[in-house]
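One structure is given here, and the rest of the page talks about it.
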There are 2 protein chains.
Amino acid sequence: MLDLAILGLLKERSMHGYELKKRLSDTLGPLFPVSYGALYPALKRLKTDGAVEEVFPQAEVRRRKNVYRLTSEGQRRFDRLVESFGERESLGDDNGFRVRLAFFRYMKPETRLGVLERRRTVLTQRLAELKERLSSYRERVDAYTLSLMRHGMDSTERDIDWVDDLIRAERRAARKPRRPRKRAMAGASTHGGDES
Amino acid sequence: MLDLAILGLLKERSMHGYELKKRLSDTLGPLFPVSYGALYPALKRLKTDGAVEEVFPQAEVRRRKNVYRLTSEGQRRFDRLVESFGERESLGDDNGFRVRLAFFRYMKPETRLGVLERRRTVLTQRLAELKERLSSYRERVDAYTLSLMRHGMDSTERDIDWVDDLIRAERRAARKPRRPRKRAMAGASTHGGDES
DNA sequence: CGGTTATATATCGGAGTGATATATCCGTCC
DNA sequence: GGACGGATATATCACTCCGATATATAACCG
């Protein structure tokens, strides 16, 4: 999860921890919160595993920033993580999808479609579960819980619509390949946000 | 978080771990996922802290279920946890609000309003943050991330509307006190679900 | 009777949170 | 110029939670 985000950012260029965190928080903000307590241990882990390596900038004494570069092993790791979406990810893990979406540009079109479709499946199951619970517990729960369930269903339905838009846009782009260059994704652009 | 849910359920009646988990998953389902790996340690902790105590049902050899009862210390703990909403809870913690809502019936009207208003503040801040990021990074992010941000804003706006409905209903109920008994919360019932 | 499913508790490694500590670097106000 | 505050930068801590797994017994059913 965090690994994926780190590896994804390092694909663009080498960075140090603080910058990584800044980048993630700046663009995704509350959609994917990152804490230092997770980030620095993750970097250490990735370094141990050989997915990233430390790079020492030209000068000599500059030992205050730890700059990391993606290795080829890290490249492979990123691809593996991307493909694995939907296997380890649980019903409650919405961040996983968001992060993957944020790095969609690095994936092959088929991979993108696969991720979107698995996401759709998860959301559909969630919706079915909520409907099921609502109908069998309607009488027994209080008005607050009822409202919670209903809003949960509404939100999930909207998330599904959004994913459907993304799927449609992806299919459209697959049919008439890279023409609009800058103007892709037009259909999906009126939607935003995600999750439960 | 989990503590609050456990304590809240035990207010109704004494239960053992498995039943607790079942109850939570049955009513809240994917809106508040509970794992045994969190539940059993939490029960042990609460017992050590004196918030719950083990109760041995009449018979002698029935040592297969560990039934827990809420103590008066546990009662106080529940109240404290409820009031503390918004202090420890971060931007990313949407479960906290959901669980509290599921136990709203045990709170005083003022407490309910307080929780709702703090929730509203968090969501408003989140929305502002998303808007801010969208406007300052619009040119630099790809279409996928853009769509993600937009959907995030949409969802957050809907969440705010929902909370507003709940607040209105709460205020209404405060003005003409407990008349409709069963038919409270009418205004908020067309909405449901939550979170980014 | 044996097999499957539901009930029930426990524990483990790994990962994330929120807090805190501790530096250095940089601008700027007096 | 030097004190101060804020941004930069890394690290670690206790705690909580997740997902998986192990291990029982009870209940149902053909």
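Ordered as shown in the structure tokens, chains take letters A, B, and onward, while each chain numbers its residues from 1 and ligands are numbered from 1 in the order shown.
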Hey, which bits of chain A sit within 8 Å of chain D, and for each residue what's the closest pair of atoms and how far apart in Å (one decimal), counting only C-alpha atoms (C1' of nucleotides), rows by chain and increasing number, as CSV?
residue,atom,partner,partner_atom,distance
A:Tyr18,CA,D:DA9,C1',6.3
A:Tyr40,CA,D:DA11,C1',7.7
A:Arg64,CA,D:DA9,C1',7.1
A:Lys65,CA,D:DA9,C1',6.7
Distance filter 10 Å, only C-alpha atoms (C1' of nucleotides), chain A against chain C, as a PyMOL selection string: chain A and resi 1-2+34-39+41-42+64
Give me the residues within 8 Å of Thr27 (chain A) as number ranges by chain, counting only C-alpha atoms (C1' of nucleotides) and dropping any in the same chain fewer than 2 places off. A: 23-25, 29; B: 133, 137, 141
Those of chain B in DSSP strand (DSSP E), formatted as a VMD selection string: chain B and resid 15 to 16 52 to 55 67 to 70
Please dump the current selection as a PDB file, in the first residue's frame; keep C-alpha atoms.
ATOM      1  CA  MET B  15     -22.077 -11.144  25.746  1.00  0.00           C
ATOM      2  CA  HIS B  16     -19.071 -13.206  24.742  1.00  0.00           C
ATOM      3  CA  VAL B  52     -15.613  -5.225  31.805  1.00  0.00           C
ATOM      4  CA  GLU B  53     -15.707  -8.302  33.994  1.00  0.00           C
ATOM      5  CA  GLU B  54     -16.113 -11.947  33.238  1.00  0.00           C
ATOM      6  CA  VAL B  55     -19.377 -13.486  34.289  1.00  0.00           C
ATOM      7  CA  VAL B  67     -19.101 -13.875  28.834  1.00  0.00           C
ATOM      8  CA  TYR B  68     -18.348 -10.241  29.635  1.00  0.00           C
ATOM      9  CA  ARG B  69     -20.410  -7.757  31.587  1.00  0.00           C
ATOM     10  CA  LEU B  70     -20.029  -3.989  31.614  1.00  0.00           C
TER      11      LEU B  70
END
DSSP on the backbone, alpha helix (DSSP H) only: what residues of region 7-118 of chain B does that give? Format it as a VMD selection string. chain B and resid 7 to 12 17 to 28 36 to 48 72 to 83 95 to 102 109 to 118
